[in-house]
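Raw contents of input00.txt, compact mmCIF, C-alpha atoms and all ligand atoms:
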# COMPACT_ATOMS: atom_id res chain seq x y z
CA MET A 1 4.89 -6.90 40.70
CA ASN A 2 4.62 -10.10 38.71
CA ILE A 3 3.11 -9.86 35.24
CA LEU A 4 1.36 -12.57 33.23
CA LEU A 5 1.30 -12.29 29.45
CA ILE A 6 -1.12 -14.42 27.44
CA GLY A 7 -0.19 -15.38 23.87
CA SER A 8 2.67 -16.63 21.74
CA GLY A 9 3.20 -14.54 18.59
CA GLY A 10 5.27 -11.60 17.38
CA ARG A 11 2.85 -9.18 19.03
CA GLU A 12 3.34 -10.90 22.37
CA HIS A 13 7.13 -10.90 21.96
CA ALA A 14 6.98 -7.13 21.44
CA LEU A 15 4.74 -6.81 24.52
CA ALA A 16 7.10 -9.00 26.57
CA TRP A 17 10.08 -6.92 25.47
CA LYS A 18 8.40 -3.68 26.53
CA LEU A 19 6.84 -5.06 29.73
CA SER A 20 10.22 -6.41 30.81
CA GLN A 21 11.67 -2.88 30.65
CA SER A 22 9.20 -1.58 33.23
CA LYS A 23 10.49 -0.64 36.64
CA HIS A 24 7.35 -2.26 38.07
CA THR A 25 8.05 -5.71 36.61
CA ASP A 26 9.58 -8.16 39.06
CA LYS A 27 8.93 -11.35 37.18
CA LEU A 28 7.26 -11.89 33.84
CA TYR A 29 5.38 -15.11 33.02
CA ALA A 30 4.01 -16.02 29.61
CA VAL A 31 1.40 -18.61 28.63
CA PRO A 32 2.46 -20.25 26.42
CA GLY A 33 5.10 -17.75 25.17
CA ASN A 34 7.73 -18.61 22.55
CA PRO A 35 11.54 -18.97 22.38
CA GLY A 36 11.95 -15.19 21.89
CA ILE A 37 9.69 -14.36 24.82
CA ALA A 38 11.62 -16.90 26.92
CA LYS A 39 14.51 -14.40 27.05
CA PHE A 40 12.42 -12.12 29.25
CA ALA A 41 9.84 -14.42 30.76
CA GLU A 42 9.24 -17.80 32.29
CA CYS A 43 7.11 -19.59 29.70
CA VAL A 44 4.40 -21.82 31.15
CA SER A 45 3.28 -24.77 29.05
CA GLY A 46 0.30 -27.04 29.55
CA VAL A 47 -2.22 -24.26 30.26
CA SER A 48 -4.77 -23.52 27.50
CA ILE A 49 -5.24 -19.79 26.94
CA GLU A 50 -8.93 -20.48 26.44
CA ASP A 51 -9.35 -22.14 29.84
CA ASN A 52 -10.28 -19.24 32.13
CA ASP A 53 -10.19 -21.34 35.32
CA ALA A 54 -6.69 -22.56 34.53
CA ILE A 55 -5.48 -19.01 33.78
CA VAL A 56 -6.97 -17.69 37.03
CA ALA A 57 -5.38 -20.56 38.98
CA LEU A 58 -2.00 -19.83 37.38
CA ALA A 59 -2.32 -16.10 38.11
CA LYS A 60 -3.07 -16.82 41.76
CA GLU A 61 -0.22 -19.31 42.07
CA LYS A 62 2.28 -16.85 40.58
CA ASN A 63 0.98 -13.89 42.58
CA ILE A 64 0.23 -11.88 39.45
CA GLY A 65 -0.33 -8.12 39.82
CA LEU A 66 -1.25 -7.51 36.17
CA ALA A 67 -2.33 -9.87 33.40
CA VAL A 68 -1.95 -8.73 29.78
CA VAL A 69 -4.00 -10.46 27.10
CA GLY A 70 -2.55 -10.57 23.56
CA PRO A 71 -4.99 -12.43 21.27
CA GLU A 72 -8.73 -11.97 20.75
CA ALA A 73 -9.95 -15.50 21.52
CA PRO A 74 -9.37 -15.35 25.31
CA LEU A 75 -10.86 -11.82 25.44
CA VAL A 76 -14.02 -12.91 23.65
CA ASN A 77 -13.99 -15.93 25.97
CA GLY A 78 -14.15 -13.65 29.02
CA VAL A 79 -10.69 -14.11 30.54
CA VAL A 80 -10.63 -10.48 31.73
CA ASP A 81 -13.95 -10.97 33.54
CA ALA A 82 -12.67 -14.17 35.17
CA LEU A 83 -9.40 -12.58 36.31
CA THR A 84 -11.16 -9.43 37.56
CA ALA A 85 -13.69 -11.51 39.51
CA ALA A 86 -10.75 -13.26 41.18
CA GLY A 87 -9.29 -9.88 42.20
CA ILE A 88 -6.52 -9.88 39.58
CA LYS A 89 -5.99 -6.79 37.43
CA ALA A 90 -6.20 -7.58 33.74
CA PHE A 91 -5.51 -5.33 30.74
CA GLY A 92 -8.10 -5.79 28.02
CA PRO A 93 -11.85 -5.46 27.48
CA THR A 94 -14.47 -7.62 29.17
CA LYS A 95 -16.28 -10.31 27.23
CA ASP A 96 -19.20 -7.97 26.50
CA ALA A 97 -16.94 -5.16 25.31
CA ALA A 98 -14.76 -7.50 23.24
CA GLU A 99 -17.84 -8.32 21.18
CA LEU A 100 -16.82 -5.26 19.17
CA GLU A 101 -14.34 -7.68 17.59
CA GLY A 102 -16.12 -10.98 18.35
CA SER A 103 -19.22 -10.07 16.34
CA LYS A 104 -19.03 -8.02 13.17
CA VAL A 105 -22.82 -7.70 13.35
CA TYR A 106 -22.56 -6.14 16.81
CA ALA A 107 -19.76 -3.82 15.67
CA LYS A 108 -22.01 -2.62 12.85
CA VAL A 109 -24.88 -2.04 15.31
CA VAL A 110 -22.61 0.12 17.46
CA MET A 111 -21.35 2.07 14.45
CA ARG A 112 -24.87 2.71 13.19
CA ARG A 113 -26.23 3.66 16.63
CA TYR A 114 -23.45 6.13 17.39
CA LYS A 115 -23.01 7.46 13.84
CA ILE A 116 -19.46 6.20 13.37
CA PRO A 117 -18.43 6.40 9.70
CA THR A 118 -18.16 2.96 8.07
CA ALA A 119 -19.21 1.09 4.93
CA ARG A 120 -22.93 0.69 4.27
CA SER A 121 -23.95 -2.86 5.10
CA GLU A 122 -26.72 -5.38 5.59
CA VAL A 123 -26.81 -8.44 7.85
CA PHE A 124 -28.18 -11.80 6.74
CA GLY A 125 -28.96 -15.01 8.61
CA ASP A 126 -30.46 -16.67 5.56
CA PRO A 127 -28.28 -17.42 2.53
CA SER A 128 -31.10 -17.21 -0.01
CA ARG A 129 -32.00 -13.68 1.10
CA ALA A 130 -28.31 -12.76 0.89
CA HIS A 131 -28.24 -14.11 -2.68
CA VAL A 132 -31.17 -11.91 -3.69
CA TYR A 133 -29.48 -8.88 -2.12
CA VAL A 134 -26.13 -9.28 -3.90
CA ARG A 135 -27.90 -9.82 -7.23
CA GLN A 136 -29.76 -6.52 -6.77
CA MET A 137 -27.01 -4.31 -5.44
CA ARG A 138 -24.07 -2.63 -7.06
CA GLN A 139 -20.79 -4.63 -6.85
CA PRO A 140 -18.12 -5.01 -5.46
CA PHE A 141 -18.66 -6.20 -1.89
CA ALA A 142 -16.81 -7.24 1.23
CA ILE A 143 -18.59 -10.31 2.61
CA LYS A 144 -17.80 -11.05 6.24
CA ALA A 145 -18.47 -13.90 8.62
CA ASP A 146 -20.02 -12.48 11.81
CA GLY A 147 -17.80 -14.34 14.27
CA LEU A 148 -14.08 -14.86 14.82
CA ALA A 149 -12.32 -16.55 11.90
CA ALA A 150 -8.64 -16.00 12.71
CA GLY A 151 -8.54 -12.99 10.38
CA LYS A 152 -9.71 -15.03 7.39
CA GLY A 153 -13.47 -14.46 7.48
CA VAL A 154 -13.59 -11.59 4.96
CA ILE A 155 -14.04 -12.27 1.24
CA LEU A 156 -13.81 -9.46 -1.32
CA THR A 157 -15.98 -10.13 -4.37
CA LYS A 158 -16.21 -8.36 -7.74
CA THR A 159 -19.27 -10.02 -9.34
CA ALA A 160 -22.64 -11.27 -8.13
CA ASP A 161 -21.58 -14.87 -8.86
CA GLU A 162 -18.47 -14.48 -6.72
CA ALA A 163 -20.60 -12.95 -3.98
CA VAL A 164 -23.03 -15.90 -4.08
CA GLU A 165 -20.10 -18.28 -3.87
CA ALA A 166 -18.68 -16.41 -0.87
CA ILE A 167 -22.06 -16.44 0.89
CA ASP A 168 -22.32 -20.21 0.36
CA LEU A 169 -18.77 -20.81 1.55
CA LEU A 170 -19.45 -18.96 4.82
CA MET A 171 -23.10 -19.83 5.44
CA LYS A 172 -23.68 -23.25 3.85
CA GLU A 173 -20.28 -24.93 3.81
CA LYS A 174 -19.50 -23.26 7.14
CA ALA A 175 -15.84 -22.67 6.24
CA PHE A 176 -15.47 -20.96 9.64
CA GLY A 177 -18.08 -22.97 11.53
CA ASP A 178 -20.72 -21.04 13.46
CA ALA A 179 -18.87 -17.77 12.74
CA GLY A 180 -20.75 -17.92 9.42
CA ASN A 181 -24.26 -18.29 10.87
CA ARG A 182 -24.72 -14.64 9.96
CA VAL A 183 -22.86 -12.58 7.39
CA VAL A 184 -22.34 -8.86 6.97
CA ILE A 185 -22.41 -7.72 3.35
CA GLU A 186 -20.66 -4.38 2.94
CA GLU A 187 -20.13 -1.93 0.15
CA PHE A 188 -16.51 -1.97 -0.97
CA MET A 189 -14.60 1.12 0.17
CA GLU A 190 -11.87 2.64 -1.97
CA GLY A 191 -8.87 4.18 -0.29
CA GLU A 192 -5.69 3.56 1.65
CA GLU A 193 -5.84 1.52 4.84
CA ALA A 194 -4.28 2.44 8.17
CA SER A 195 -4.49 1.18 11.73
CA VAL A 196 -4.97 3.40 14.75
CA LEU A 197 -4.57 1.70 18.11
CA ALA A 198 -5.56 3.49 21.27
CA PHE A 199 -5.15 3.02 25.00
CA THR A 200 -8.36 3.66 26.90
CA ASP A 201 -9.68 3.35 30.43
CA GLY A 202 -13.26 3.65 29.24
CA GLU A 203 -13.22 7.46 29.48
CA THR A 204 -9.91 8.87 28.36
CA ILE A 205 -8.47 7.82 25.01
CA VAL A 206 -4.82 8.07 24.00
CA ALA A 207 -4.16 7.21 20.35
CA MET A 208 -0.86 5.57 19.50
CA PRO A 209 1.09 6.57 16.37
CA ALA A 210 -0.82 5.39 13.29
CA SER A 211 0.59 2.36 11.50
CA GLN A 212 0.12 0.46 8.27
CA ASP A 213 0.08 -3.29 7.73
CA HIS A 214 0.97 -5.08 4.44
CA LYS A 215 -1.54 -7.90 3.97
CA ARG A 216 -0.55 -9.29 0.58
CA VAL A 217 2.26 -11.77 0.26
CA ASN A 218 4.11 -10.18 -2.68
CA ASP A 219 5.73 -6.83 -3.41
CA GLY A 220 3.44 -4.17 -4.84
CA ASP A 221 0.55 -5.55 -2.73
CA GLU A 222 0.04 -8.50 -5.08
CA GLY A 223 -0.78 -12.12 -4.37
CA LEU A 224 -2.65 -13.87 -1.58
CA ASN A 225 -3.75 -12.33 1.69
CA THR A 226 -1.64 -13.14 4.74
CA GLY A 227 -1.72 -12.38 8.44
CA GLY A 228 0.53 -9.39 7.60
CA MET A 229 3.97 -9.29 5.96
CA GLY A 230 5.23 -6.16 7.67
CA ALA A 231 4.27 -2.81 9.09
CA TYR A 232 5.55 0.64 9.85
CA ALA A 233 4.76 3.58 12.08
CA PRO A 234 4.08 6.44 12.07
CA ALA A 235 2.03 6.18 8.86
CA PRO A 236 2.09 9.57 7.09
CA VAL A 237 -1.29 8.84 5.44
CA ILE A 238 -2.73 9.82 8.83
CA THR A 239 -1.94 13.52 8.78
CA PRO A 240 -2.42 15.57 11.96
CA GLU A 241 -5.79 16.71 10.57
CA LEU A 242 -6.91 13.13 9.91
CA SER A 243 -5.65 12.06 13.30
CA GLU A 244 -7.95 14.66 14.87
CA ARG A 245 -10.89 13.39 12.77
CA VAL A 246 -10.17 9.76 13.77
CA MET A 247 -10.29 10.84 17.42
CA GLU A 248 -13.46 12.96 17.11
CA GLU A 249 -15.44 10.93 14.57
CA ILE A 250 -14.38 7.38 15.46
CA LEU A 251 -12.55 6.75 18.73
CA LYS A 252 -14.52 9.11 21.00
CA PRO A 253 -18.02 8.10 19.78
CA THR A 254 -17.04 4.42 20.01
CA ILE A 255 -15.83 4.64 23.61
CA GLU A 256 -18.78 6.89 24.56
CA GLY A 257 -21.12 4.50 22.75
CA MET A 258 -19.80 1.43 24.54
CA LYS A 259 -20.39 3.20 27.84
CA LYS A 260 -24.00 3.87 26.82
CA GLU A 261 -24.32 0.23 25.75
CA GLY A 262 -23.49 -0.73 29.34
CA ARG A 263 -20.30 -2.36 28.06
CA PRO A 264 -17.56 0.09 29.05
CA TYR A 265 -14.47 -0.59 26.96
CA LYS A 266 -11.02 -0.69 28.57
CA GLY A 267 -7.71 -1.82 27.12
CA CYS A 268 -6.43 -1.36 23.59
CA LEU A 269 -8.96 -0.49 20.91
CA TYR A 270 -7.78 -1.17 17.37
CA ALA A 271 -9.52 0.78 14.63
CA GLY A 272 -8.82 -0.61 11.16
CA LEU A 273 -9.51 2.33 8.86
CA MET A 274 -10.04 3.09 5.21
CA ILE A 275 -9.05 6.63 4.31
CA THR A 276 -11.69 7.35 1.69
CA ALA A 277 -12.32 10.50 -0.35
CA LYS A 278 -14.88 11.44 2.33
CA GLY A 279 -12.54 10.84 5.23
CA PRO A 280 -11.70 7.99 7.58
CA LYS A 281 -14.16 5.09 7.81
CA VAL A 282 -14.00 1.97 9.97
CA VAL A 283 -13.17 -1.32 8.23
CA GLU A 284 -13.09 -3.27 11.48
CA PHE A 285 -12.58 -2.99 15.19
CA ASN A 286 -10.27 -5.29 17.08
CA ALA A 287 -10.37 -5.61 20.84
CA ARG A 288 -6.60 -5.97 21.23
CA PHE A 289 -3.23 -4.87 19.91
CA GLY A 290 -2.68 -5.51 16.19
CA ASP A 291 -0.22 -8.00 14.83
CA PRO A 292 2.16 -6.90 13.21
CA GLU A 293 1.32 -3.26 14.14
CA THR A 294 2.34 -3.70 17.79
CA GLN A 295 5.86 -4.63 16.71
CA VAL A 296 6.32 -1.12 15.26
CA VAL A 297 4.21 0.93 17.68
CA LEU A 298 5.59 -0.27 21.03
CA PRO A 299 9.23 0.47 20.09
CA LEU A 300 8.14 4.13 19.80
CA LEU A 301 6.60 4.23 23.29
CA LYS A 302 8.93 6.01 25.72
CA SER A 303 6.68 5.63 28.76
CA ASP A 304 6.53 2.65 31.09
CA LEU A 305 4.02 0.19 29.56
CA VAL A 306 3.04 -1.32 32.90
CA GLU A 307 2.15 2.16 34.21
CA VAL A 308 0.06 2.88 31.12
CA MET A 309 -1.75 -0.45 31.35
CA LEU A 310 -2.44 -0.09 35.07
CA ALA A 311 -3.83 3.40 34.38
CA CYS A 312 -6.21 1.86 31.83
CA VAL A 313 -7.35 -0.81 34.28
CA ASP A 314 -7.71 1.64 37.18
CA GLY A 315 -9.45 4.43 35.24
CA LYS A 316 -6.52 6.82 35.67
CA LEU A 317 -5.42 7.40 32.09
CA ALA A 318 -6.26 11.14 32.28
CA GLU A 319 -3.58 11.55 34.97
CA THR A 320 -0.96 9.56 33.07
CA GLU A 321 1.64 11.13 30.83
CA ILE A 322 2.29 9.03 27.70
CA GLU A 323 5.36 9.91 25.67
CA TRP A 324 6.32 8.77 22.19
CA ALA A 325 9.74 8.90 20.58
CA ASP A 326 10.06 11.19 17.58
CA GLU A 327 11.29 8.23 15.52
CA ALA A 328 9.99 5.63 13.07
CA ALA A 329 9.84 1.85 13.14
CA VAL A 330 9.62 -0.62 10.27
CA SER A 331 9.02 -4.36 10.60
CA VAL A 332 9.72 -6.95 7.91
CA VAL A 333 8.17 -10.39 8.33
CA MET A 334 10.32 -13.36 7.33
CA ALA A 335 8.00 -16.20 6.35
CA SER A 336 8.29 -19.92 5.64
CA GLY A 337 8.56 -21.12 2.03
CA GLY A 338 5.03 -21.63 0.68
CA TYR A 339 3.28 -19.36 3.22
CA PRO A 340 0.39 -18.37 3.14
CA GLY A 341 -0.20 -21.78 1.52
CA ASP A 342 1.27 -25.03 2.86
CA TYR A 343 4.75 -24.83 4.29
CA GLU A 344 7.21 -27.04 6.11
CA LYS A 345 8.32 -26.49 9.69
CA GLY A 346 11.51 -27.34 11.55
CA LYS A 347 13.98 -25.41 9.33
CA LYS A 348 17.05 -24.26 11.20
CA ILE A 349 17.20 -20.46 11.65
CA GLU A 350 20.58 -18.78 11.60
CA GLY A 351 21.78 -15.24 12.15
CA VAL A 352 19.33 -13.85 14.71
CA ASP A 353 22.16 -12.77 17.04
CA GLU A 354 23.98 -11.09 14.15
CA ALA A 355 20.79 -9.26 13.15
CA GLU A 356 20.39 -8.01 16.72
CA LYS A 357 24.03 -6.96 16.81
CA SER A 358 23.46 -4.98 13.60
CA GLY A 359 20.92 -2.90 15.55
CA ALA A 360 17.64 -4.55 14.57
CA LEU A 361 15.05 -5.88 17.00
CA VAL A 362 13.97 -9.43 16.24
CA PHE A 363 10.55 -10.55 17.47
CA HIS A 364 9.68 -14.23 17.14
CA ALA A 365 6.32 -15.08 15.59
CA GLY A 366 6.60 -18.77 14.71
CA THR A 367 9.74 -20.37 16.12
CA ALA A 368 10.56 -23.34 18.31
CA GLU A 369 13.62 -24.79 19.97
CA LYS A 370 14.75 -28.21 18.82
CA ASP A 371 17.88 -29.91 20.18
CA GLY A 372 19.20 -26.53 21.31
CA ALA A 373 18.72 -24.91 17.89
CA LEU A 374 16.15 -22.32 16.80
CA VAL A 375 13.84 -23.69 14.09
CA THR A 376 10.80 -22.47 12.16
CA ALA A 377 7.42 -23.43 13.61
CA GLY A 378 4.88 -21.29 11.76
CA GLY A 379 4.06 -19.46 8.54
CA ARG A 380 5.26 -16.12 9.77
CA VAL A 381 8.54 -16.86 11.51
CA LEU A 382 10.24 -13.60 12.54
CA ASN A 383 9.56 -9.86 12.62
CA VAL A 384 12.76 -7.93 11.99
CA VAL A 385 12.30 -4.35 13.18
CA GLY A 386 14.39 -1.27 12.49
CA VAL A 387 13.93 1.78 14.70
CA ALA A 388 15.56 4.99 13.51
CA LYS A 389 15.12 8.73 13.09
CA ASP A 390 12.78 8.42 10.11
CA ILE A 391 11.09 5.83 7.87
CA PRO A 392 13.89 5.58 5.25
CA ALA A 393 16.51 5.00 7.96
CA ALA A 394 14.27 2.49 9.73
CA VAL A 395 13.69 0.62 6.45
CA GLN A 396 17.45 0.36 6.00
CA LYS A 397 17.99 -0.90 9.52
CA ALA A 398 15.24 -3.52 9.24
CA TYR A 399 16.55 -4.91 5.95
CA ALA A 400 20.15 -4.86 7.21
CA GLY A 401 18.87 -7.17 9.97
CA VAL A 402 16.94 -9.36 7.53
CA GLU A 403 20.09 -9.91 5.47
CA LYS A 404 21.85 -11.47 8.44
CA ILE A 405 19.13 -14.09 8.95
CA SER A 406 18.61 -17.23 6.90
CA PHE A 407 16.52 -20.39 6.89
CA ASP A 408 15.58 -22.79 4.16
CA GLY A 409 12.76 -21.35 2.02
CA ALA A 410 12.65 -17.94 3.78
CA HIS A 411 10.80 -15.22 1.92
CA TYR A 412 9.88 -11.64 2.72
CA ARG A 413 8.63 -8.52 1.03
CA LYS A 414 11.28 -6.10 -0.19
CA ASP A 415 8.98 -3.06 -0.28
CA ILE A 416 7.72 -2.62 3.27
CA ALA A 417 6.75 1.03 3.87
CA HIS A 418 6.57 1.76 0.13
CA ARG A 419 3.51 3.98 0.57
CA ALA A 420 5.28 6.06 3.19
CA LEU A 421 8.42 6.32 1.07
CA GLU A 422 6.33 7.50 -1.91
CA ARG A 423 4.63 10.14 0.24
CA LEU A 424 7.96 11.35 1.57
CA LYS A 425 9.42 11.82 -1.93
P1 LIG A 501 -11.25 -7.20 8.16
O1 LIG A 501 -10.92 -8.57 8.72
O2 LIG A 501 -12.66 -6.76 8.40
O3 LIG A 501 -10.21 -6.19 8.49
O4 LIG A 501 -11.08 -7.35 6.58
C1 LIG A 501 -9.89 -7.83 6.02
C2 LIG A 501 -9.44 -6.92 4.90
O5 LIG A 501 -10.45 -6.88 3.87
C3 LIG A 501 -9.26 -5.48 5.31
O6 LIG A 501 -8.00 -5.24 5.86
C4 LIG A 501 -9.48 -4.76 4.00
O7 LIG A 501 -8.31 -4.81 3.22
C5 LIG A 501 -10.52 -5.59 3.32
N1 LIG A 501 -11.87 -5.03 3.54
C6 LIG A 501 -12.74 -5.36 4.52
N2 LIG A 501 -13.88 -4.67 4.40
C7 LIG A 501 -13.74 -3.87 3.33
C8 LIG A 501 -14.59 -2.92 2.68
N3 LIG A 501 -15.83 -2.67 3.10
N4 LIG A 501 -14.09 -2.29 1.60
C9 LIG A 501 -12.86 -2.54 1.13
N5 LIG A 501 -12.02 -3.43 1.69
C10 LIG A 501 -12.44 -4.10 2.78
N1 LIG A 502 -3.01 -6.49 11.58
C1 LIG A 502 -4.31 -7.02 11.60
C2 LIG A 502 -4.76 -7.50 12.91
O1 LIG A 502 -4.07 -7.46 13.91
O2 LIG A 502 -5.90 -7.96 12.98
Can the structure in the file be given as structure tokens, please?
Ligand code: AMP
Ligand code: GLY
Amino acid sequence: MNILLIGSGGREHALAWKLSQSKHTDKLYAVPGNPGIAKFAECVSGVSIEDNDAIVALAKEKNIGLAVVGPEAPLVNGVVDALTAAGIKAFGPTKDAAELEGSKVYAKVVMRRYKIPTARSEVFGDPSRAHVYVRQMRQPFAIKADGLAAGKGVILTKTADEAVEAIDLLMKEKAFGDAGNRVVIEEFMEGEEASVLAFTDGETIVAMPASQDHKRVNDGDEGLNTGGMGAYAPAPVITPELSERVMEEILKPTIEGMKKEGRPYKGCLYAGLMITAKGPKVVEFNARFGDPETQVVLPLLKSDLVEVMLACVDGKLAETEIEWADEAAVSVVMASGGYPGDYEKGKKIEGVDEAEKSGALVFHAGTAEKDGALVTAGGRVLNVVGVAKDIPAAVQKAYAGVEKISFDGAHYRKDIAHRALERLK
């Protein structure tokens, strides 16, 4: 069948790579795709991923048997509903179910209603009431815009003054527009973070190997927050015992709860977790695959991704065997000079072929083609992934790939997977 992939980042390149290996894939299309994805797919330009009518028209024209949605915005915008209504199978939650990511207030309601462990929190629609609250309560806090803010709507504050400033930035200055009409003010949770992604058809849940992102720009988890500077899987912080608890205490009650809400959840559910002294607690839900987690989780999937996704759409996950390789994957992000601040684009990238020849996988996150050459086109440019028998070997393979690649101003973290390596000592 023909497959349509929506999105253009490193996550979508990893999806395209895996989808293209399926025996069910005749032709892969991507909107808008990127130069890396173009190796496996026909990239379609001129169609906005937030225009549901245009996506449905494209899917009909290309005789699409399965559409796969990468980013959150089209999900929250109801693209799965629109495709389904037009008789086209689409992997991902409906608009109502995607509210688990689209509204942090709604996610908190679900967690409270179904007793899913998470940080204590209060919701405010009025900044002056929020000010009173943060002045009364014990610091520190995580202050979150309710709506989508491209991963930037969370501010961690240590003092009441900082908290007031954060509330004003979100609610008065509207740094993220209407996303800040309401804020969630949460107690700060101590612990190590991990991501658990799961396939679900609304009934059956299959967790993928746990992974860990690296949000800060510098080694040792210092410096500014980024979209993610690298990841690895499996993350040993999620022991088999914790994995069982995540399934029983978080994933199952969430999927059961969404059914009771009348918003059955299908697709990939991403649980961002804090492993606290009391056990795993939810930091956030995402309604999609994680970026950069996908780039290390999908290389470990042995099964046919199209079969798994169709099983999710058709409610047949219980009958589907999903196999994972007994290996590890590590991804190092190569970023533009200056990122996550201002950076220049259009720098010539060299060495991608050599990196691939050295055994690494290279997923494009922010690249473009200019006069036949590959150039930088975003803050995060490439994900260089090593897959090997264990984390240390995968780290070596990823960095061997990184060393082959160069562009003006390139920077990357040298300590990806450090927490895993420390645990393995
Ligand atoms: P989110 O977009 O909700 O994942 O938040 C972004 C980041 O802020 C998370 O990955 C955590 O590192 C941090 N964070 C969010 N909420 C909390 C919390 N309640 N306690 C501690 N850290 C948090
Ligand atoms: N890795 C964080 C996210 O995908 O939201």
(request) Please check which protein, DNA or RNA residues sit within 10 Å of ligand LIG 502 (chain A), counting only C-alpha atoms and all ligand atoms, and write them as a ChimeraX atom specification. (result) /A:11,71-72,101,150-152,194-195,211-215,226-231,270-272,284-294
(message) Please report the interatomic distance between atom CA of A:Gln21 and atom CA of A:Lys404 in Å with one decimal.
(response)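 Straight-line distance from atom CA of A:Gln21 to atom CA of A:Lys404 works out to 25.9 Å.
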(message) Measuring between only C-alpha atoms and all ligand atoms, which one of A:Arg216, A:Arg113, A:Arg129, A:Lys259 shows the shortest distance to ligand LIG 501 (chain A)?
(response)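 Looking only at the distances to ligand LIG 501 (chain A), the closest residue turns out to be A:Arg216.
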Could you please extract the residues within 6 Å of ligand LIG 501 (chain A), counting all atoms listed in the file, and hand them back as a CSV table (one decimal) with C-alpha atoms, keeping the file's coordinate frame?
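Output below, filename result.csv:
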chain,number,residue,atom,x,y,z
A,119,ALA,CA,-19.2,1.1,4.9
A,142,ALA,CA,-16.8,-7.2,1.2
A,151,GLY,CA,-8.5,-13.0,10.4
A,154,VAL,CA,-13.6,-11.6,5.0
A,186,GLU,CA,-20.7,-4.4,2.9
A,187,GLU,CA,-20.1,-1.9,0.2
A,188,PHE,CA,-16.5,-2.0,-1.0
A,189,MET,CA,-14.6,1.1,0.2
A,283,VAL,CA,-13.2,-1.3,8.2
A,284,GLU,CA,-13.1,-3.3,11.5
(request) Excluding A:Ala335 and any residue of its chain fewer than 3 positions from it, enumerate the residues within 10 Å of it, using only C-alpha atoms, and give them as a VMD selection string. (result) chain A and resid 217 229 332 338 to 340 343 365 to 366 376 378 to 383 407 409 to 413
So that each row is one residue of stretch 111-134 of chain A with an atom at most 12 Å from stretch 164-172 of chain A, can you give its shortest atom pair and the distance in Å to one decimal, using all atoms listed in the file, rows by chain and rising number, as a tab-separated table?
residue	atom	partner	partner_atom	distance
A:Val123	CA	A:Ile167	CA	11.6
A:Phe124	CA	A:Met171	CA	9.6
A:Gly125	CA	A:Met171	CA	8.2
A:Asp126	CA	A:Met171	CA	8.0
A:Pro127	CA	A:Met171	CA	6.4
A:Ser128	CA	A:Ile167	CA	9.1
A:Arg129	CA	A:Ile167	CA	10.3
A:Ala130	CA	A:Ile167	CA	7.3
A:His131	CA	A:Val164	CA	5.7
A:Val132	CA	A:Val164	CA	9.1
A:Tyr133	CA	A:Val164	CA	9.7
A:Val134	CA	A:Val164	CA	7.3
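For the pair atom CA of A:Glu249 and atom CA of A:Glu203, the interatomic distance is 15.5 Å.
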